[in-house]
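Participant: Quick one: the structure is below, and I'll ask about it shortly.
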Amino acid sequence: MNKMPDRAAATKWIPIAAVASLVLSFAVLANEQARLASLVSRYFDEAFLSRSAEYHRFKRNLFLTQTCVLLTALFLLARGPLGSWSRMALKLTRERPWLARALILGTVHSGLALLRLPFSVVRHHHALAYGLRNDSLGIYLLDWFKDFLIIGFIVIAVGLIILGLFARFPRGWTVLAAFATGFLAVAYTHFAPLFIDPLYYEFRPLDDPLLKQRLLNLSTCAGLDVQDILIADASRHSESVNAYVTGIGATARIVLYDTLLEKFTPNEVAIVLAHEIGHRVRAHIPKGLLLGIAGFLIALLITDRVLGRCVRIQLRGITSRHDPALALPGYALYAVLMFAVLVPGNGISRQLETEADRTVLELTGDPGTFIQTKVRIAKTNLSEVLPPAWVEFVLYTHPSIARRILMAEDYRNDRSHPARPCSDNRIGK
């Protein structure tokens, strides 16, 4: 008769395997960091790296300081006399609970915006000092005010939906709120190119016929029916180069900054366009919407528990689920959850950006121009090409420039790629 293996003898290998796996992971990470550091030294000089690090270190410290100030303000508000503020809001709005909620949400949004304003002005001045912006403080503040109104409208609208449904439907409100806010998110994504984006930029069609045709050929080769490519007059505000995709359905479009056309070669413009094509062909905007709605549903479930507890313990004078003062702990929870989803949200964003970069290489088969373009973008935008690992992990929505270049070098060294379907449509071919 065979004896059963000694369970203790078998399980003793688990911590050993875990330690070995951890050591191997650190070895892989160390090797990757060494490759990235070597790559950075080949493509960028010390003067640029020092200036970039200085610029971003100041921005990061400013962001962390602003975050501490805002979270402290929200903490103090949530610990204030909520019941008294609720009665005051109801009195001012003649006992209309929905209007009292809107008043409280608008007041909090305005107060926090004013707290952020000095930090925004410092950021503008900092970018001016490094030659990354060219707009006056007046123009910058006008854009800030537009942001204030648009974001304020969204905060109040979403807040009223959540608080109203929480009050009226104690059991199924989270699902209703997810559907309602999901509909608003889709509507905003659809209509923003028509009504929001023109508040910040003027748009014109690409007027270089040869460049336009070749860029459209690249889009067609990728399977996209792109009717037009728009140019935004970003040079009125900034010296940075960029491009983006926006909209869904009939409003989907690809936008290039005019600074990109002015400063970059046609080959490099094609690489940038191919990246935006990558977002379109991989349906990143619809995927992002679905992931956002799913994440928001989880946030609503947390909100249900937190606001429900505020009512049960009658937090600082809150009397019922209908109490307008629930807007204050609700807003504070929103701010905390926004920081809580920063890491997973940015991780997903970096994954989508990596997919778009892979699409560039697959469409064009041109890692050389890809690398050249990323280097020039980094130098033009004063990018932090290899930030500290924790900074990239927590704060970056895109992979670092060094990581993107490394991917292109690995692609160039790999000889097993399939046919390059759009390489003949590459600008300059």
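Just remember, in the structure tokens the first chain shown is A, the second B, etc., residues are 1-based per chain, and ligands are 1-based in the order shown.
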With only C-alpha atoms as the counted atoms, please give the residues lying no more than 12 Å from Leu230 (chain A), apart from itself and same-chain residues fewer than 6 positions off, as a ChimeraX atom specification.
Facilitator: /A:193,197-198,201-208,212,215-216,243-246,252-258,261,273
Participant: Could you pull the residues within 12 Å of Ile298 (chain A), counting only C-alpha atoms, minus those fewer than 2 positions along the same chain, as a CSV table (one decimal) with N, CA and C atoms, in the first residue's frame?
Facilitator:
```csv
chain,number,residue,atom,x,y,z
A,174,THR,N,-28.4,52.0,-7.1
A,174,THR,CA,-27.1,51.9,-7.7
A,174,THR,C,-27.2,51.5,-9.1
A,175,VAL,N,-28.0,50.6,-9.5
A,175,VAL,CA,-28.2,50.1,-10.9
A,175,VAL,C,-28.7,51.3,-11.7
A,177,ALA,N,-28.6,54.4,-11.1
A,177,ALA,CA,-27.6,55.5,-11.2
A,177,ALA,C,-26.5,55.1,-12.2
A,178,ALA,N,-26.1,53.8,-12.3
A,178,ALA,CA,-25.1,53.4,-13.2
A,178,ALA,C,-25.6,53.6,-14.6
A,291,LEU,N,-15.3,50.1,-19.4
A,291,LEU,CA,-14.6,50.0,-18.1
A,291,LEU,C,-14.9,51.0,-17.1
A,292,GLY,N,-15.1,52.3,-17.6
A,292,GLY,CA,-15.4,53.4,-16.7
A,292,GLY,C,-16.8,53.2,-16.0
A,293,ILE,N,-17.7,52.7,-16.8
A,293,ILE,CA,-19.1,52.5,-16.3
A,293,ILE,C,-19.0,51.3,-15.2
A,294,ALA,N,-18.3,50.3,-15.6
A,294,ALA,CA,-18.1,49.2,-14.6
A,294,ALA,C,-17.5,49.6,-13.3
A,295,GLY,N,-16.4,50.4,-13.4
A,295,GLY,CA,-15.8,51.0,-12.3
A,295,GLY,C,-16.7,51.9,-11.5
A,296,PHE,N,-17.5,52.6,-12.2
A,296,PHE,CA,-18.4,53.6,-11.5
A,296,PHE,C,-19.5,52.8,-10.7
A,300,LEU,N,-20.4,53.2,-6.9
A,300,LEU,CA,-21.7,53.4,-6.4
A,300,LEU,C,-22.1,52.5,-5.2
A,301,LEU,N,-21.6,51.3,-5.3
A,301,LEU,CA,-21.9,50.3,-4.3
A,301,LEU,C,-21.2,50.7,-3.0
A,302,ILE,N,-20.0,51.3,-3.1
A,302,ILE,CA,-19.2,51.8,-2.0
A,302,ILE,C,-20.0,53.0,-1.4
A,303,THR,N,-20.4,53.9,-2.3
A,303,THR,CA,-21.2,55.1,-1.9
A,303,THR,C,-22.4,54.7,-1.1
A,304,ASP,N,-23.1,53.7,-1.6
A,304,ASP,CA,-24.3,53.2,-0.9
A,304,ASP,C,-24.0,52.9,0.6
A,305,ARG,N,-22.9,52.1,0.8
A,305,ARG,CA,-22.6,51.8,2.1
A,305,ARG,C,-22.2,53.0,3.0
A,337,LEU,N,-12.2,58.4,-3.8
A,337,LEU,CA,-12.3,57.3,-4.8
A,337,LEU,C,-11.5,57.6,-6.1
A,341,VAL,N,-8.7,55.1,-7.6
A,341,VAL,CA,-8.6,54.4,-8.9
A,341,VAL,C,-7.5,54.9,-9.8
```
Participant: Would you mind reading off the distance between CA of Ala408 (chain A) and CA of Ala37 (chain A), one decimal, in Å?
Facilitator: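 Answer for the CA of Ala408 (chain A) to CA of Ala37 (chain A) separation: 15.6 Å.
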Participant: Using DSSP on the backbone coordinates, identify the residues of region 42-264 of chain A assigned to strand (DSSP E or B); present them as a PyMOL selection string.
Facilitator: chain A and resi 133+203-205+229-232+238+243-246+253-257
Participant: Taking into account only C-alpha atoms, which residue in the set A:Leu103, A:Val391, A:Val40, A:Leu117 is nearest to Phe148 (chain A)?
Facilitator: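 Once distances to Phe148 (chain A) are computed over only C-alpha atoms, the minimum belongs to A:Leu117.
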Participant: Name the residues in contact with His398 (chain A) at a cut-off of 9 Å, using only C-alpha atoms, excluding same-chain residues fewer than 5 positions from it; report them as a compact mmCIF listing (two decimals) with N, CA and C atoms, in the first residue's frame.
Facilitator:
```txt
# COMPACT_ATOMS: atom_id res chain seq x y z
N ASN A 346 -4.70 54.28 -14.41
CA ASN A 346 -3.51 54.60 -15.20
C ASN A 346 -2.86 53.34 -15.76
N GLY A 347 -2.95 52.24 -15.00
CA GLY A 347 -2.40 50.98 -15.51
C GLY A 347 -3.13 50.53 -16.77
N SER A 349 -4.79 52.51 -18.80
CA SER A 349 -4.45 53.49 -19.84
C SER A 349 -3.10 53.18 -20.48
N ARG A 350 -2.11 52.83 -19.66
CA ARG A 350 -0.79 52.50 -20.22
C ARG A 350 -0.87 51.27 -21.11
N GLN A 351 -1.72 50.30 -20.74
CA GLN A 351 -1.88 49.11 -21.56
C GLN A 351 -2.48 49.46 -22.92
N LEU A 352 -3.48 50.34 -22.92
CA LEU A 352 -4.11 50.76 -24.18
C LEU A 352 -3.12 51.53 -25.05
N GLU A 353 -2.31 52.37 -24.43
CA GLU A 353 -1.31 53.12 -25.19
C GLU A 353 -0.25 52.19 -25.79
N THR A 354 0.11 51.15 -25.04
CA THR A 354 1.07 50.17 -25.57
C THR A 354 0.47 49.43 -26.76
N GLU A 392 5.92 56.37 -12.50
CA GLU A 392 5.28 55.84 -13.70
C GLU A 392 4.11 54.94 -13.32
```
Participant: Got a sec: who's within 9 Å of Ala53 (chain A), counting only C-alpha atoms, leaving out chain neighbours fewer than 4 positions off, as an MDAnalysis selection string?
Facilitator: chainID A and resid 48:49 57:58 383:385 387
Participant: Identify all residues of region 160-398 of chain A in helix (DSSP H, G or I) (DSSP on the backbone) and supply them as a VMD selection string.
Facilitator: chain A and resid 160 to 168 173 to 195 197 to 199 209 to 221 234 to 236 249 to 251 258 to 263 266 to 281 284 to 312 315 to 317 324 to 340 342 to 364 367 to 381 389 to 395
Participant: Name all residues at most 12 Å from Arg96 (chain A) (count only C-alpha atoms; drop same-chain ones fewer than 4 positions away) and give them as a PyMOL selection string.
Facilitator: chain A and resi 86-92+100-103+164+322-324
Participant: For Tyr130 (chain A), which residue out of A:Arg79, A:Asn381, A:Asp357, A:Asn267 is the nearest one, using only C-alpha atoms?
Facilitator: A:Asn381
